[in-house]
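Colleague: Take this structure, written in structure tokens, and hold onto it; I'll ask about it next.
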Amino acid sequence: MRDINKEIIEIAQELLESNKVDMVLGYTKGERPDQTFPFIAKTKEEAERLTFDYYSYNSLSKYLLDDMYQGKKIAIFLKGCDFRGLKLMIGEDRVKREDLHLIGLDCPGVKRGESVSPYCLSCRLNNVPKEEVDTKISTSLEPLVERKYSHEESFSEINDIEKMSNEERFEYWKRQLSRCKRCYSCRNGCPVCTCRVCLFDRENPGYIDGATDQLAQHQFYHVIRAFHVADRCVGCGECSRVCPENIPLHLLSQKLIRELEKFYGTYTTGVDELPTPLSTAKANDPDHFGKEVK
Amino acid sequence: MMQQNFEPKIIAFCCNWCSYAGADLAGTGRLKYSENIRIVRVPCSSRVEVQMILRAFQNGADGVMVAGCHPGDCHYDTGNYHTRRRMVLLKSLVSFMGMDPERLLVKWISGNEAARFQETVDSFNDQLKKLGPSNKVRDQRCEI
């Protein structure tokens, strides 16, 4: 089997040489063996540093929203979850498809430290479909997850929390959320949280602010953040991974995915057609509010 | 821990075309409903965002009511279908985070249902009296 890094470098160099793209967004190796960073290659020499391994967990598609990438031709490496996030971004006109050269990877699952990232356990869409990308990397690494776990198994904490009483749940989330520093990493890292001007960056209304250490404001932020990405979550788990305080934010998203499935049927972001479940509504939806009184 | 003579604060987001007219009719019909309610008129029930509801709770509301037209009667055709989708999800998220989903009431009240408006407000008021004051989502800065 060919070395995946060789293939990545060849493809990147070819693209840069033929001036098809201005830059290639990929990964490079850090100092330690378990460090892999996002990397921008603009020349053929820089492209030699590109790599892909089990630690390439960062989602690169969010970089495309940055000012310095506007109007440039960019090639980008995509794992399964990144691809689905980017597809949503393209569908919602955040980025232009014709400016991008998508390079699909077969994701073997990513590692956090020594073990497999818990978000990869139930992932069934780790491979990028060949017909939807411009270039597909043919070689792949050995998959880390042998058996695909069910949603219930890989997010069993949700069941545990659901079994608690209301007060216990409140205390649980109070413990978690009062650690929040409001660094907004969970918002910035999320590949589907793509508003040009975020609600929390606006000056008006004034009550939405970050400079506070109150639980109420953290609840406010996290309810709204979870709600705004509820129907579009790709389940990559970046929100929890980037959190400096290790707040299990993915539980909120995964809970909402389950609820949405229960109420409005399965919707998989980046696979099913737009619009997402919360940006549309139908007359024949189940009515949970009108039954009792006649 | 129930306080004596506790009067809950209720914020009601009423849609301009149905529920607000219903409240209006209850007023002109001299139907007495609980005075603990503060009505906010919104163009459509789908105008009510999550942050508006949470902000009401932070500012000291004990209950929030979102009232709109009956499904199928929306002035803008599909507005209340959106409300319906969002509020189901918000309720389950709020209860997952340990806050009280009973404090959020979503109700369809049309322009001629003054009696239903009265009934809804009164029963919600009674329910909140039983639950007692809300103190889970309070913004300390608002309590001066």
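Note on naming: chains are A, B, ... as they come in the structure tokens, residues start from 1 per chain, ligands start from 1 in the order shown.
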Output as a list of chain:residue names all residues of region 36-279 of chain A that backbone DSSP marks as strand (DSSP E).
Modeller: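 Put together, the selection reads A:Thr36, A:Phe37, A:Pro38, A:Phe39, A:Ile40, A:Ala41, A:Leu50, A:Thr51, A:Ile74, A:Ala75, A:Ile76, A:Phe77, A:Leu78, A:Leu100, A:His101, A:Leu102, A:Ile103, A:Gly104, A:Lys111, A:Arg112, A:Ser115, A:Val116, A:Thr135, A:Lys136.
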Colleague: Counting only C-alpha atoms, which residues from chain A have an atom at most 8 Å from any atom of chain B, and could you show them as a ChimeraX atom specification?
Modeller: /A:161-162,166-171,173,214-217,219-220,223-224,227,252,255-256,259-260,278-283,285,287-290
Colleague: Restricting the output to C-alpha atoms, write the selected residues as a PDB file, in the first residue's frame.
Modeller:
```pdb
ATOM      1  CA  ILE A 161     -28.470  12.418  32.928  1.00  0.00           C
ATOM      2  CA  GLU A 162     -31.999  11.691  31.797  1.00  0.00           C
ATOM      3  CA  ASN A 166     -34.708  17.641  37.751  1.00  0.00           C
ATOM      4  CA  GLU A 167     -32.734  19.011  40.679  1.00  0.00           C
ATOM      5  CA  GLU A 168     -29.827  16.642  40.120  1.00  0.00           C
ATOM      6  CA  ARG A 169     -29.723  17.575  36.461  1.00  0.00           C
ATOM      7  CA  PHE A 170     -29.673  21.221  37.376  1.00  0.00           C
ATOM      8  CA  GLU A 171     -26.821  20.662  39.833  1.00  0.00           C
ATOM      9  CA  TRP A 173     -25.116  21.358  34.645  1.00  0.00           C
ATOM     10  CA  GLN A 214     -22.801  34.511  36.488  1.00  0.00           C
ATOM     11  CA  LEU A 215     -24.339  31.114  36.065  1.00  0.00           C
ATOM     12  CA  ALA A 216     -27.437  32.634  34.488  1.00  0.00           C
ATOM     13  CA  GLN A 217     -25.399  34.173  31.694  1.00  0.00           C
ATOM     14  CA  GLN A 219     -26.878  29.045  30.885  1.00  0.00           C
ATOM     15  CA  PHE A 220     -28.130  31.709  28.534  1.00  0.00           C
ATOM     16  CA  VAL A 223     -28.821  27.107  25.710  1.00  0.00           C
ATOM     17  CA  ILE A 224     -28.709  29.469  22.752  1.00  0.00           C
ATOM     18  CA  PHE A 227     -30.175  25.577  20.085  1.00  0.00           C
ATOM     19  CA  LEU A 252     -26.423  18.977  24.585  1.00  0.00           C
ATOM     20  CA  LYS A 255     -29.512  15.127  23.097  1.00  0.00           C
ATOM     21  CA  LEU A 256     -31.095  17.562  20.648  1.00  0.00           C
ATOM     22  CA  GLU A 259     -35.080  14.706  20.237  1.00  0.00           C
ATOM     23  CA  LEU A 260     -35.247  15.951  16.675  1.00  0.00           C
ATOM     24  CA  LEU A 278     -35.546  23.950  12.197  1.00  0.00           C
ATOM     25  CA  SER A 279     -35.411  26.224   9.176  1.00  0.00           C
ATOM     26  CA  THR A 280     -38.555  24.690   7.803  1.00  0.00           C
ATOM     27  CA  ALA A 281     -41.923  23.669   9.202  1.00  0.00           C
ATOM     28  CA  LYS A 282     -44.818  21.674   7.914  1.00  0.00           C
ATOM     29  CA  ALA A 283     -48.534  21.826   8.511  1.00  0.00           C
ATOM     30  CA  ASP A 285     -46.046  18.260  12.156  1.00  0.00           C
ATOM     31  CA  ASP A 287     -48.810  19.265  17.646  1.00  0.00           C
ATOM     32  CA  HIS A 288     -47.694  18.948  21.249  1.00  0.00           C
ATOM     33  CA  PHE A 289     -49.427  22.047  22.493  1.00  0.00           C
ATOM     34  CA  GLY A 290     -53.021  21.862  21.319  1.00  0.00           C
TER      35      GLY A 290
END
```
Colleague: In Å, how far is it from CA of Asp201 (chain A) to CA of Met52 (chain B)?
Modeller: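 If I compute the distance from CA of Asp201 (chain A) to CA of Met52 (chain B), I get 16.8 Å.
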Colleague: If you count only C-alpha atoms, which residues fall within 9 Å of Arg103 (chain B), apart from same-chain ones fewer than 5 positions away, as JSON, numbers by chain?
Modeller: {"B": [62, 63, 64, 65, 124, 127, 128, 131, 134]}
Colleague: Could you write out that same residue set with N, CA and C atoms as a PDB file, in the first residue's frame?
Modeller:
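Dumped to part-v3.pdb:
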```
ATOM      1  N   ASP B  62     -41.594  34.368  36.505  1.00  0.00           N
ATOM      2  CA  ASP B  62     -41.755  33.016  37.025  1.00  0.00           C
ATOM      3  C   ASP B  62     -42.328  32.084  35.975  1.00  0.00           C
ATOM      4  N   GLY B  63     -42.948  32.660  34.990  1.00  0.00           N
ATOM      5  CA  GLY B  63     -43.481  31.842  33.915  1.00  0.00           C
ATOM      6  C   GLY B  63     -43.520  32.641  32.631  1.00  0.00           C
ATOM      7  N   VAL B  64     -43.341  31.973  31.528  1.00  0.00           N
ATOM      8  CA  VAL B  64     -43.422  32.639  30.231  1.00  0.00           C
ATOM      9  C   VAL B  64     -44.451  31.894  29.388  1.00  0.00           C
ATOM     10  N   MET B  65     -45.310  32.665  28.762  1.00  0.00           N
ATOM     11  CA  MET B  65     -46.339  32.067  27.931  1.00  0.00           C
ATOM     12  C   MET B  65     -46.145  32.577  26.510  1.00  0.00           C
ATOM     13  N   PHE B 124     -52.580  28.744  34.393  1.00  0.00           N
ATOM     14  CA  PHE B 124     -51.117  28.876  34.416  1.00  0.00           C
ATOM     15  C   PHE B 124     -50.682  29.578  35.692  1.00  0.00           C
ATOM     16  N   GLN B 127     -50.893  27.158  38.507  1.00  0.00           N
ATOM     17  CA  GLN B 127     -49.801  26.193  38.405  1.00  0.00           C
ATOM     18  C   GLN B 127     -48.496  26.788  38.919  1.00  0.00           C
ATOM     19  N   LEU B 128     -48.240  28.048  38.548  1.00  0.00           N
ATOM     20  CA  LEU B 128     -46.998  28.692  38.977  1.00  0.00           C
ATOM     21  C   LEU B 128     -47.010  28.965  40.470  1.00  0.00           C
ATOM     22  N   LEU B 131     -45.777  25.934  41.971  1.00  0.00           N
ATOM     23  CA  LEU B 131     -44.344  25.704  41.747  1.00  0.00           C
ATOM     24  C   LEU B 131     -43.480  26.622  42.593  1.00  0.00           C
ATOM     25  N   SER B 134     -39.392  31.198  40.738  1.00  0.00           N
ATOM     26  CA  SER B 134     -38.321  30.625  39.936  1.00  0.00           C
ATOM     27  C   SER B 134     -37.010  31.274  40.345  1.00  0.00           C
TER      28      SER B 134
END
```
Colleague: With a distance cut-off of 12 Å and only C-alpha atoms, select the neighbouring residues of Ser34 (chain B), excluding the residue or stretch itself and same-chain residues fewer than 5 positions from it, and output the selection as a ChimeraX atom specification.
Modeller: /B:7-10,23,26-27,39,117-126,129
Colleague: From the list A:His101, A:Lys62, A:Lys130, A:Lys79, which residue is nearest Val24 (chain A) when using only C-alpha atoms?
Modeller: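 Closest candidate: A:His101.
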Colleague: Using only C-alpha atoms, which of A:Lys20, A:His222, A:Lys262, A:Lys42 sits nearest Cys239 (chain A)?
Modeller: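 Distance minimum relative to Cys239 (chain A) lands on A:His222.
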Colleague: Write out as an NGL selection string the set of residues from region 129-243 of chain A that DSSP, computed on the backbone, places in helix (DSSP H, G or I).
Modeller: :A and (130-132 or 151-154 or 156-163 or 166-177 or 185-189 or 199-201 or 215-228 or 238-242)
Colleague: For CA of Phe83 (chain A) and CA of Ser56 (chain A), quote the distance in Å rounded to one decimal.
Modeller: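 Taking CA of Phe83 (chain A) and CA of Ser56 (chain A), their separation equals 14.1 Å.
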